[in-house]
$ cat data_5.cif   # mmCIF, C-alpha atoms (C1' of nucleotides)
data_structure
#
loop_
_atom_site.label_atom_id
_atom_site.label_comp_id
_atom_site.auth_asym_id
_atom_site.auth_seq_id
_atom_site.Cartn_x
_atom_site.Cartn_y
_atom_site.Cartn_z
CA MET A 1 34.90 5.31 -25.54
CA ILE A 2 38.36 3.97 -25.05
CA SER A 3 39.60 1.35 -27.52
CA ASN A 4 39.43 -2.39 -26.92
CA LYS A 5 43.20 -2.36 -27.06
CA ALA A 6 43.46 -0.04 -24.07
CA ARG A 7 40.84 -1.96 -22.14
CA TYR A 8 42.63 -5.26 -22.77
CA ALA A 9 45.85 -3.61 -21.59
CA PHE A 10 44.25 -2.67 -18.26
CA ARG A 11 42.78 -6.13 -17.89
CA ALA A 12 46.19 -7.69 -18.43
CA LEU A 13 48.04 -5.25 -16.19
CA LEU A 14 45.64 -5.79 -13.33
CA ALA A 15 46.00 -9.54 -13.70
CA ILE A 16 49.79 -9.39 -13.77
CA ALA A 17 50.01 -6.97 -10.88
CA ALA A 18 47.68 -9.16 -8.83
CA THR A 19 49.84 -12.28 -9.06
CA PRO A 20 52.34 -13.06 -6.26
CA GLU A 21 55.77 -11.46 -6.57
CA GLY A 22 58.15 -13.37 -8.85
CA GLU A 23 55.44 -15.43 -10.50
CA ALA A 24 55.02 -14.87 -14.23
CA VAL A 25 51.72 -14.88 -16.11
CA THR A 26 51.48 -16.03 -19.72
CA SER A 27 49.63 -14.18 -22.42
CA ALA A 28 47.70 -17.36 -23.17
CA GLU A 29 46.44 -17.53 -19.59
CA ILE A 30 45.25 -13.94 -19.60
CA ALA A 31 43.63 -14.35 -22.99
CA ARG A 32 41.76 -17.40 -21.79
CA ARG A 33 40.61 -15.85 -18.52
CA TYR A 34 39.19 -12.73 -20.13
CA ASN A 35 38.16 -13.90 -23.58
CA ILE A 36 40.70 -11.72 -25.35
CA PRO A 37 42.01 -12.78 -28.80
CA HIS A 38 45.40 -14.24 -28.00
CA LYS A 39 47.50 -12.86 -30.84
CA PHE A 40 45.98 -9.45 -30.35
CA LEU A 41 46.85 -9.50 -26.68
CA GLU A 42 50.43 -10.46 -27.49
CA GLN A 43 50.88 -7.21 -29.40
CA ILE A 44 49.49 -5.26 -26.50
CA LEU A 45 51.77 -6.88 -23.94
CA LEU A 46 54.65 -6.18 -26.27
CA ASP A 47 53.75 -2.49 -26.26
CA LEU A 48 53.64 -2.48 -22.48
CA ARG A 49 57.05 -4.10 -22.35
CA LYS A 50 58.51 -1.56 -24.78
CA ALA A 51 57.03 1.18 -22.63
CA GLY A 52 59.01 -0.14 -19.68
CA ILE A 53 56.03 -1.21 -17.64
CA LEU A 54 56.25 -4.97 -18.00
CA ASP A 55 59.14 -7.38 -18.07
CA SER A 56 58.99 -10.68 -19.91
CA LYS A 57 60.65 -14.05 -19.79
CA ARG A 58 60.73 -16.24 -22.88
CA GLY A 59 60.61 -19.98 -23.32
CA LYS A 60 58.95 -22.64 -21.26
CA SER A 61 57.55 -21.36 -17.96
CA GLY A 62 58.02 -17.84 -19.24
CA GLY A 63 55.51 -15.02 -19.05
CA TYR A 64 55.11 -11.46 -17.88
CA VAL A 65 55.81 -9.68 -14.62
CA MET A 66 55.63 -6.04 -13.56
CA LEU A 67 58.86 -4.16 -14.20
CA ARG A 68 57.79 -1.14 -12.17
CA PRO A 69 55.74 -1.37 -8.95
CA SER A 70 52.05 -1.32 -9.79
CA ASP A 71 51.42 1.73 -7.63
CA THR A 72 53.69 3.82 -9.85
CA VAL A 73 51.70 3.07 -12.99
CA SER A 74 48.77 5.44 -13.40
CA PHE A 75 45.74 4.86 -15.56
CA GLY A 76 46.58 8.02 -17.47
CA GLU A 77 50.03 6.77 -18.39
CA VAL A 78 48.73 3.51 -19.78
CA LEU A 79 45.92 5.23 -21.62
CA ARG A 80 48.36 7.59 -23.31
CA ILE A 81 50.38 4.64 -24.62
CA PHE A 82 47.42 3.28 -26.55
CA GLU A 83 45.28 6.32 -27.24
CA GLY A 84 47.79 9.12 -27.64
CA PRO A 85 47.10 12.50 -26.03
CA LEU A 86 44.11 12.54 -23.68
CA ALA A 87 43.43 16.25 -24.07
CA PRO A 88 40.03 16.99 -25.63
CA LEU A 89 41.53 19.80 -27.73
CA PRO A 90 44.93 20.04 -29.41
CA CYS A 91 45.50 23.40 -27.73
CA LEU A 92 45.15 21.76 -24.30
CA SER A 93 47.75 19.06 -24.79
CA ARG A 94 51.18 19.65 -23.33
CA GLN A 95 52.81 16.72 -25.05
CA ALA A 96 51.23 17.43 -28.44
CA TYR A 97 50.21 21.08 -28.49
CA ARG A 98 48.69 22.37 -31.69
CA ARG A 99 46.79 25.54 -32.35
CA CYS A 100 43.18 25.16 -33.52
CA GLU A 101 42.84 26.62 -37.00
CA ASP A 102 39.40 27.92 -36.18
CA CYS A 103 40.53 29.79 -33.08
CA VAL A 104 40.70 33.56 -33.08
CA SER A 105 42.15 34.11 -29.61
CA GLU A 106 43.30 31.19 -27.54
CA ALA A 107 43.40 33.25 -24.37
CA GLN A 108 39.73 34.15 -24.68
CA CYS A 109 38.48 30.94 -26.24
CA GLU A 110 35.38 29.77 -24.37
CA ILE A 111 35.67 26.26 -25.78
CA ARG A 112 39.21 25.97 -24.50
CA ARG A 113 38.20 27.28 -21.10
CA GLU A 114 35.33 24.89 -20.57
CA PHE A 115 37.06 21.82 -21.93
CA GLY A 116 40.09 22.75 -19.89
CA ARG A 117 37.95 22.37 -16.80
CA ALA A 118 36.60 19.03 -17.93
CA TYR A 119 40.09 17.83 -18.74
CA ASP A 120 41.45 18.94 -15.37
CA ALA A 121 38.69 17.08 -13.60
CA SER A 122 39.29 13.94 -15.59
CA ARG A 123 43.04 14.08 -15.14
CA ALA A 124 42.64 14.49 -11.41
CA VAL A 125 41.45 10.91 -11.47
CA LEU A 126 43.36 9.31 -14.32
CA ASP A 127 46.78 10.70 -13.50
CA THR A 128 46.39 10.10 -9.77
CA ARG A 129 44.94 6.63 -9.57
CA THR A 130 47.30 3.73 -10.18
CA ILE A 131 46.95 0.05 -11.01
CA GLY A 132 48.00 -0.65 -7.44
CA ASP A 133 45.31 1.63 -6.01
CA ALA A 134 42.68 -0.05 -8.12
CA LEU A 135 43.69 -3.52 -6.92
CA SER A 136 43.77 -2.68 -3.24
CA ASP A 137 40.67 -0.54 -3.69
CA THR A 138 42.45 2.31 -1.96
CA PRO A 139 39.59 4.71 -1.35
CA TYR A 140 39.52 7.43 -3.91
CA ASN A 141 40.15 10.83 -2.35
CA ALA A 142 38.18 13.08 -4.61
CA PRO A 143 39.59 16.62 -4.62
CA TRP A 144 36.37 17.84 -3.03
CA HIS A 145 36.93 15.58 -0.04
CA ARG A 146 40.68 15.65 0.11
CA GLU A 147 42.50 17.23 3.00
CA ASP A 148 45.32 19.10 1.45
CA ARG A 149 48.46 18.71 3.52
CA ARG A 150 50.93 20.40 1.20
CA ALA A 151 50.97 23.66 3.12
CA SER A 152 51.78 22.47 6.62
CA MET B 1 40.40 14.60 -28.79
CA ILE B 2 36.97 15.72 -29.85
CA SER B 3 36.24 15.84 -33.58
CA ASN B 4 36.57 18.95 -35.70
CA LYS B 5 32.85 18.63 -36.32
CA ALA B 6 32.04 19.02 -32.64
CA ARG B 7 34.49 21.87 -32.22
CA TYR B 8 32.98 23.71 -35.19
CA ALA B 9 29.56 23.16 -33.69
CA PHE B 10 30.59 24.87 -30.46
CA ARG B 11 32.21 27.70 -32.37
CA ALA B 12 28.99 28.27 -34.31
CA LEU B 13 26.72 27.95 -31.30
CA LEU B 14 28.73 30.46 -29.30
CA ALA B 15 28.64 32.88 -32.21
CA ILE B 16 24.90 32.53 -32.69
CA ALA B 17 24.13 32.75 -28.99
CA ALA B 18 26.26 35.88 -28.73
CA THR B 19 24.33 37.87 -31.36
CA PRO B 20 21.52 40.21 -30.28
CA GLU B 21 18.08 38.65 -29.90
CA GLY B 22 16.16 38.31 -33.17
CA GLU B 23 19.19 38.82 -35.37
CA ALA B 24 20.11 35.86 -37.57
CA VAL B 25 23.63 34.76 -38.42
CA THR B 26 24.45 33.12 -41.73
CA SER B 27 26.57 30.02 -42.11
CA ALA B 28 28.77 31.89 -44.57
CA GLU B 29 29.51 34.57 -41.99
CA ILE B 30 30.48 32.04 -39.33
CA ALA B 31 32.58 30.05 -41.78
CA ARG B 32 34.44 33.20 -42.78
CA ARG B 33 35.03 34.42 -39.22
CA TYR B 34 36.47 31.13 -38.00
CA ASN B 35 38.03 29.63 -41.12
CA ILE B 36 35.63 26.72 -41.22
CA PRO B 37 34.90 25.01 -44.57
CA HIS B 38 31.52 26.44 -45.49
CA LYS B 39 29.76 23.37 -46.86
CA PHE B 40 31.00 21.32 -43.93
CA LEU B 41 29.62 23.86 -41.50
CA GLU B 42 26.25 23.79 -43.26
CA GLN B 43 25.88 20.11 -42.41
CA ILE B 44 26.74 20.78 -38.82
CA LEU B 45 24.23 23.57 -38.45
CA LEU B 46 21.66 21.31 -40.04
CA ASP B 47 22.33 18.70 -37.36
CA LEU B 48 21.92 21.32 -34.64
CA ARG B 49 18.62 22.38 -36.15
CA LYS B 50 17.37 18.80 -36.36
CA ALA B 51 18.37 18.38 -32.72
CA GLY B 52 16.06 21.26 -31.83
CA ILE B 53 18.79 23.60 -30.68
CA LEU B 54 18.83 26.06 -33.56
CA ASP B 55 16.13 27.59 -35.70
CA SER B 56 16.72 28.69 -39.26
CA LYS B 57 15.25 31.13 -41.73
CA ARG B 58 15.71 30.49 -45.44
CA GLY B 59 16.06 32.88 -48.33
CA LYS B 60 17.63 36.27 -48.52
CA SER B 61 18.52 37.75 -45.12
CA GLY B 62 18.04 34.32 -43.64
CA GLY B 63 20.32 32.60 -41.16
CA TYR B 64 20.33 30.88 -37.81
CA VAL B 65 19.09 31.81 -34.36
CA MET B 66 18.90 29.91 -31.08
CA LEU B 67 15.69 27.95 -30.69
CA ARG B 68 16.28 27.24 -27.00
CA PRO B 69 17.86 29.73 -24.59
CA SER B 70 21.62 29.31 -24.63
CA ASP B 71 21.76 28.64 -20.91
CA THR B 72 19.71 25.48 -21.35
CA VAL B 73 22.16 23.96 -23.81
CA SER B 74 24.96 22.12 -22.06
CA PHE B 75 28.31 21.22 -23.56
CA GLY B 76 27.56 17.59 -22.87
CA GLU B 77 24.34 17.66 -24.85
CA VAL B 78 26.03 19.13 -27.91
CA LEU B 79 28.95 16.76 -27.64
CA ARG B 80 26.64 13.76 -27.56
CA ILE B 81 24.99 14.88 -30.80
CA PHE B 82 28.27 14.70 -32.69
CA GLU B 83 30.28 12.14 -30.78
CA GLY B 84 27.69 9.71 -29.51
CA PRO B 85 27.96 8.39 -25.94
CA LEU B 86 30.61 10.14 -23.83
CA ALA B 87 31.13 7.22 -21.47
CA PRO B 88 34.66 5.80 -21.60
CA LEU B 89 33.33 2.24 -21.36
CA PRO B 90 30.19 0.74 -22.87
CA CYS B 91 29.22 -0.59 -19.45
CA LEU B 92 29.17 2.98 -18.07
CA SER B 93 26.80 4.43 -20.65
CA ARG B 94 23.17 4.83 -19.68
CA GLN B 95 21.96 5.68 -23.16
CA ALA B 96 23.96 2.91 -24.85
CA TYR B 97 24.78 0.29 -22.24
CA ARG B 98 26.66 -2.77 -23.41
CA ARG B 99 28.46 -5.40 -21.43
CA CYS B 100 32.22 -5.72 -22.02
CA GLU B 101 32.97 -9.16 -23.43
CA ASP B 102 36.20 -9.34 -21.46
CA CYS B 103 34.54 -8.61 -18.15
CA VAL B 104 34.16 -11.35 -15.56
CA SER B 105 32.22 -9.43 -12.92
CA GLU B 106 30.95 -5.95 -13.63
CA ALA B 107 30.27 -5.26 -9.96
CA GLN B 108 33.90 -5.92 -9.05
CA CYS B 109 35.54 -4.60 -12.19
CA GLU B 110 38.40 -2.28 -11.24
CA ILE B 111 38.51 -0.74 -14.70
CA ARG B 112 34.85 0.15 -14.49
CA ARG B 113 35.28 1.59 -11.02
CA GLU B 114 38.19 3.87 -11.89
CA PHE B 115 36.82 5.04 -15.21
CA GLY B 116 33.49 5.60 -13.56
CA ARG B 117 35.19 8.13 -11.31
CA ALA B 118 36.87 9.85 -14.22
CA TYR B 119 33.60 9.95 -16.13
CA ASP B 120 31.72 11.39 -13.15
CA ALA B 121 34.29 14.11 -12.78
CA SER B 122 34.16 14.99 -16.43
CA ARG B 123 30.38 14.97 -16.54
CA ALA B 124 30.24 17.27 -13.53
CA VAL B 125 31.64 19.90 -15.89
CA LEU B 126 30.22 18.99 -19.28
CA ASP B 127 26.64 18.36 -18.22
CA THR B 128 26.55 21.39 -15.93
CA ARG B 129 28.15 24.12 -17.97
CA THR B 130 26.08 25.67 -20.74
CA ILE B 131 26.75 27.76 -23.82
CA GLY B 132 25.25 30.67 -21.92
CA ASP B 133 27.57 30.17 -18.95
CA ALA B 134 30.57 30.08 -21.22
CA LEU B 135 29.61 33.35 -22.92
CA SER B 136 28.94 35.28 -19.73
CA ASP B 137 31.96 33.62 -18.14
CA THR B 138 29.79 32.64 -15.22
CA PRO B 139 32.38 31.50 -12.70
CA TYR B 140 32.66 27.76 -12.62
CA ASN B 141 31.60 26.32 -9.28
CA ALA B 142 33.75 23.25 -9.04
CA PRO B 143 32.14 20.63 -6.83
CA TRP B 144 35.02 20.98 -4.39
CA HIS B 145 34.20 24.67 -3.90
CA ARG B 146 30.47 24.51 -4.26
CA GLU B 147 28.19 25.26 -1.34
CA ASP B 148 25.50 22.68 -1.54
CA ARG B 149 22.14 24.19 -0.80
CA ARG B 150 19.94 21.23 -1.59
CA ALA B 151 19.46 20.18 2.02
CA SER B 152 18.23 23.37 3.62
"C1'" DC C 1 66.00 -31.67 -28.64
"C1'" DT C 2 61.48 -30.49 -28.19
"C1'" DA C 3 57.69 -28.15 -26.42
"C1'" DT C 4 56.45 -23.79 -24.87
"C1'" DT C 5 56.46 -19.14 -24.76
"C1'" DC C 6 57.55 -14.55 -26.22
"C1'" DC C 7 58.91 -11.54 -30.42
"C1'" DC C 8 58.13 -9.23 -34.77
"C1'" DT C 9 56.02 -7.86 -39.15
"C1'" DA C 10 52.53 -7.92 -42.66
"C1'" DT C 11 47.89 -7.84 -44.15
"C1'" DT C 12 43.03 -6.99 -44.18
"C1'" DA C 13 38.05 -5.86 -43.64
"C1'" DG C 14 35.44 -2.51 -41.84
"C1'" DT C 15 34.42 1.98 -39.94
"C1'" DC C 16 34.85 6.78 -39.17
"C1'" DC C 17 36.56 11.53 -40.12
"C1'" DG C 18 36.81 15.54 -42.72
"C1'" DA C 19 35.73 17.22 -46.13
"C1'" DT C 20 34.03 18.27 -51.27
"C1'" DA C 21 30.36 18.51 -54.71
"C1'" DG C 22 26.17 19.47 -56.90
"C1'" DG C 23 21.96 20.75 -57.09
"C1'" DC C 24 17.14 21.86 -54.97
"C1'" DT C 25 14.00 24.91 -52.28
"C1'" DT C 26 12.67 29.12 -50.06
"C1'" DA C 27 12.06 33.90 -49.64
"C1'" DA C 28 13.37 38.86 -49.53
"C1'" DA C 29 14.53 42.80 -52.48
"C1'" DG C 30 14.28 45.32 -56.49
"C1'" DC D 1 8.10 38.53 -61.34
"C1'" DT D 2 12.84 37.95 -61.65
"C1'" DT D 3 17.10 37.89 -59.37
"C1'" DT D 4 19.88 36.69 -55.76
"C1'" DA D 5 21.07 35.12 -51.35
"C1'" DA D 6 20.34 32.10 -48.23
"C1'" DG D 7 19.33 27.25 -46.21
"C1'" DC D 8 18.34 22.05 -47.34
"C1'" DC D 9 19.62 17.44 -48.77
"C1'" DT D 10 22.24 13.49 -50.53
"C1'" DA D 11 26.14 11.36 -52.52
"C1'" DT D 12 30.90 10.50 -52.77
"C1'" DC D 13 35.74 9.97 -51.53
"C1'" DG D 14 40.58 9.62 -49.76
"C1'" DG D 15 42.93 8.73 -45.72
"C1'" DA D 16 43.43 7.17 -41.18
"C1'" DC D 17 42.45 4.16 -37.62
"C1'" DT D 18 40.52 -0.14 -35.26
"C1'" DA D 19 40.49 -4.80 -34.31
"C1'" DA D 20 41.89 -8.38 -35.55
"C1'" DT D 21 44.22 -12.48 -38.17
"C1'" DA D 22 48.30 -14.75 -39.85
"C1'" DG D 23 52.70 -16.74 -40.10
"C1'" DG D 24 56.61 -17.58 -38.69
"C1'" DG D 25 61.37 -16.53 -35.88
"C1'" DA D 26 64.01 -16.68 -31.40
"C1'" DA D 27 64.84 -18.01 -26.79
"C1'" DT D 28 64.79 -21.26 -22.96
"C1'" DA D 29 63.29 -24.73 -19.45
"C1'" DG D 30 63.03 -29.45 -18.88
#

$ encode --input "data_5.cif" --output "structure tokens"
Amino acid sequence: MISNKARYAFRALLAIAATPEGEAVTSAEIARRYNIPHKFLEQILLDLRKAGILDSKRGKSGGYVMLRPSDTVSFGEVLRIFEGPLAPLPCLSRQAYRRCEDCVSEAQCEIRREFGRAYDASRAVLDTRTIGDALSDTPYNAPWHREDRRAS
Amino acid sequence: MISNKARYAFRALLAIAATPEGEAVTSAEIARRYNIPHKFLEQILLDLRKAGILDSKRGKSGGYVMLRPSDTVSFGEVLRIFEGPLAPLPCLSRQAYRRCEDCVSEAQCEIRREFGRAYDASRAVLDTRTIGDALSDTPYNAPWHREDRRAS
DNA sequence: CTATTCCCTATTAGTCCGATAGGCTTAAAG
DNA sequence: CTTTAAGCCTATCGGACTAATAGGGAATAG
């Protein structure tokens, strides 16, 4: 299960990305629409701003807007901001690699192999799909349906 | 990241499943081989026994053996014993469904849709691959390579 | 100048993780 | 029948994290 914090972040991002260009959304408005504790949401939006995803305007008629285009912000990126590394094992994380103390041989570790597969599959979605995709409901091209055009 | 507890459980299961039929493995032996705190491991093996996956023999020359064949025990099943529901959102769990309080319309929820895809992809590995597969290194048939023989 | 909105930090209750501890029960070996 | 090696069971505990709550400070439009 992902944390409430991360889920609220997605809720807010989708709302902000869905509003017309140039128009700002306030934290209070988002909190009201989705029943999110207001002060809690403020912290979350602050994190998203510090991560360079949102921009904010203070004072009356202030609020939040996207800093980067919504189709450059993947679900994986946002998730990592609030949950840390997504890898199921420390030895599978690139950004936070650690050896497992109970591992005899990483190269032959069955646990690593199987969870590596699960992680790859999960990442194929999370690191590919963006907030923009989700909003426009761009059909998801699962790898097992995807025509791979890299080669030609 | 999965918990140490779950990782130790896999380590133990793989060790037990890999020993010749009829031969029991002691918790002390496993703890020594993999640097796992012994008393902690005991609790884990107890959980696996209560879940009907392992059988145990007490007293001198006792130990643990598989109760069910190792190729009927999936990674997903074991994971659920120690981590609870694997679904990334409460509204995606069949065994522990809960509505998200910040959700306006579940049917149109973009978060649910995208995480549903990630969950499906992950489950395609975790609920398919078994301890037995992992030991024999049965090649993983990713869905995007798999020949589907259901229809004919 | 005032209302509105974002910005920042501290605190807190509760839960979970990762062990550690201590003793009880069972059973094979001598 | 005693010893010894195993599993069985419950309690406890420090530390980290989650999900808020709280209280104000700073900027800015009108």

$ interface_residues --input "data_5.cif" --of "chain A" --to "chain C" --cutoff "9 Å" --atoms "all atoms listed in the file" --output "PyMOL selection string"
chain A and resi 26-27+42+46+56-63

$ closest_residue --input "data_5.cif" --among "A:Pro90, A:Gly132, A:Pro37, A:Gly22" --to "chain D" --atoms "only C-alpha atoms (C1' of nucleotides)"
A:Pro37

$ atom_distance --input "data_5.cif" --atom1 "CA of Asp55 in chain B" --atom2 "CA of Val73 in chain B"
13.8 Å

$ resolve_selection --input "data_5.cif" --expression "the PyMOL selection byres ((chain B) within 7 of (chain A))" --output "PyMOL selection string"
chain B and resi 1-2+34-36+86-89+102-104+110+117-119+121-122+125-126+134-135+143-144

$ atom_distance --input "data_5.cif" --atom1 "CA of Glu77 in chain A" --atom2 "CA of Arg98 in chain B"
25.7 Å

$ closest_atom_pairs --input "data_5.cif" --of "chain D" --to "chain B" --cutoff "8 Å" --atoms "all atoms listed in the file" --output "tab-separated table"
residue	atom	partner	partner_atom	distance
D:DT4	C1'	B:Lys60	CA	7.6
D:DA5	C1'	B:Lys60	CA	4.6
D:DA6	C1'	B:Gly59	CA	4.4
D:DG7	C1'	B:Arg58	CA	4.9

$ axis_aligned_box --input "data_5.cif" --around "range 11-18 of chain D" --padding-each-side "6 Å" --output "AutoDock Vina command-line options"
--center_x 34.8 --center_y 5.6 --center_z -44.0 --size_x 29.3 --size_y 23.5 --size_z 29.5

$ atom_distance --input "data_5.cif" --atom1 "CA of Thr72 in chain A" --atom2 "CA of Ala51 in chain A"
13.5 Å

$ residues_around --input "data_5.cif" --residues "Met66 in chain A" --least-positions-apart "3" --cutoff "7 Å" --atoms "only C-alpha atoms (C1' of nucleotides)" --output "list in words"
Ile16, Ala17, Ile53, Leu54, Asp55 and Pro69 of chain A

$ write_last_selection --input "data_5.cif" --atoms "C-alpha atoms" --output "CSV table (one decimal), in the coordinates of the input"
chain,number,residue,atom,x,y,z
A,16,ILE,CA,49.8,-9.4,-13.8
A,17,ALA,CA,50.0,-7.0,-10.9
A,53,ILE,CA,56.0,-1.2,-17.6
A,54,LEU,CA,56.2,-5.0,-18.0
A,55,ASP,CA,59.1,-7.4,-18.1
A,69,PRO,CA,55.7,-1.4,-9.0

$ decode --input "data_5.cif" --residues "range 18-37 of chain A" --atoms "N, CA and C atoms" --output "compact mmCIF listing (two decimals), in the first residue's frame"
# COMPACT_ATOMS: atom_id res chain seq x y z
N ALA A 18 -5.07 19.41 -14.57
CA ALA A 18 -6.31 19.41 -15.35
C ALA A 18 -6.91 20.81 -15.52
N THR A 19 -6.41 21.77 -14.76
CA THR A 19 -6.98 23.12 -14.88
C THR A 19 -6.36 23.86 -16.06
N PRO A 20 -7.13 24.76 -16.69
CA PRO A 20 -6.67 25.49 -17.87
C PRO A 20 -5.33 26.19 -17.61
N GLU A 21 -4.51 26.23 -18.60
CA GLU A 21 -3.19 26.87 -18.57
C GLU A 21 -3.27 28.26 -17.91
N GLY A 22 -2.35 28.56 -17.00
CA GLY A 22 -2.28 29.89 -16.43
C GLY A 22 -3.15 30.09 -15.19
N GLU A 23 -4.14 29.20 -15.04
CA GLU A 23 -5.03 29.33 -13.89
C GLU A 23 -4.45 28.57 -12.70
N ALA A 24 -4.42 29.23 -11.54
CA ALA A 24 -3.85 28.60 -10.36
C ALA A 24 -4.94 27.94 -9.51
N VAL A 25 -4.58 26.89 -8.83
CA VAL A 25 -5.51 26.20 -7.93
C VAL A 25 -4.99 26.35 -6.50
N THR A 26 -5.86 26.64 -5.57
CA THR A 26 -5.42 26.79 -4.18
C THR A 26 -5.47 25.45 -3.46
N SER A 27 -4.64 25.37 -2.44
CA SER A 27 -4.61 24.14 -1.63
C SER A 27 -5.96 23.93 -0.96
N ALA A 28 -6.57 25.04 -0.54
CA ALA A 28 -7.87 24.93 0.13
C ALA A 28 -8.92 24.31 -0.79
N GLU A 29 -8.89 24.70 -2.05
CA GLU A 29 -9.85 24.18 -3.02
C GLU A 29 -9.67 22.67 -3.21
N ILE A 30 -8.42 22.27 -3.36
CA ILE A 30 -8.15 20.84 -3.54
C ILE A 30 -8.56 20.05 -2.30
N ALA A 31 -8.21 20.59 -1.16
CA ALA A 31 -8.54 19.91 0.10
C ALA A 31 -10.04 19.71 0.22
N ARG A 32 -10.78 20.75 -0.14
CA ARG A 32 -12.23 20.67 -0.04
C ARG A 32 -12.79 19.64 -1.01
N ARG A 33 -12.32 19.70 -2.26
CA ARG A 33 -12.86 18.81 -3.29
C ARG A 33 -12.65 17.33 -2.96
N TYR A 34 -11.52 17.02 -2.34
CA TYR A 34 -11.17 15.61 -2.14
C TYR A 34 -11.14 15.18 -0.69
N ASN A 35 -11.64 16.04 0.20
CA ASN A 35 -11.68 15.64 1.61
C ASN A 35 -10.31 15.33 2.18
N ILE A 36 -9.34 16.15 1.85
CA ILE A 36 -7.99 15.96 2.35
C ILE A 36 -7.74 17.01 3.44
N PRO A 37 -7.17 16.62 4.59
CA PRO A 37 -6.86 17.60 5.64
C PRO A 37 -6.00 18.72 5.07
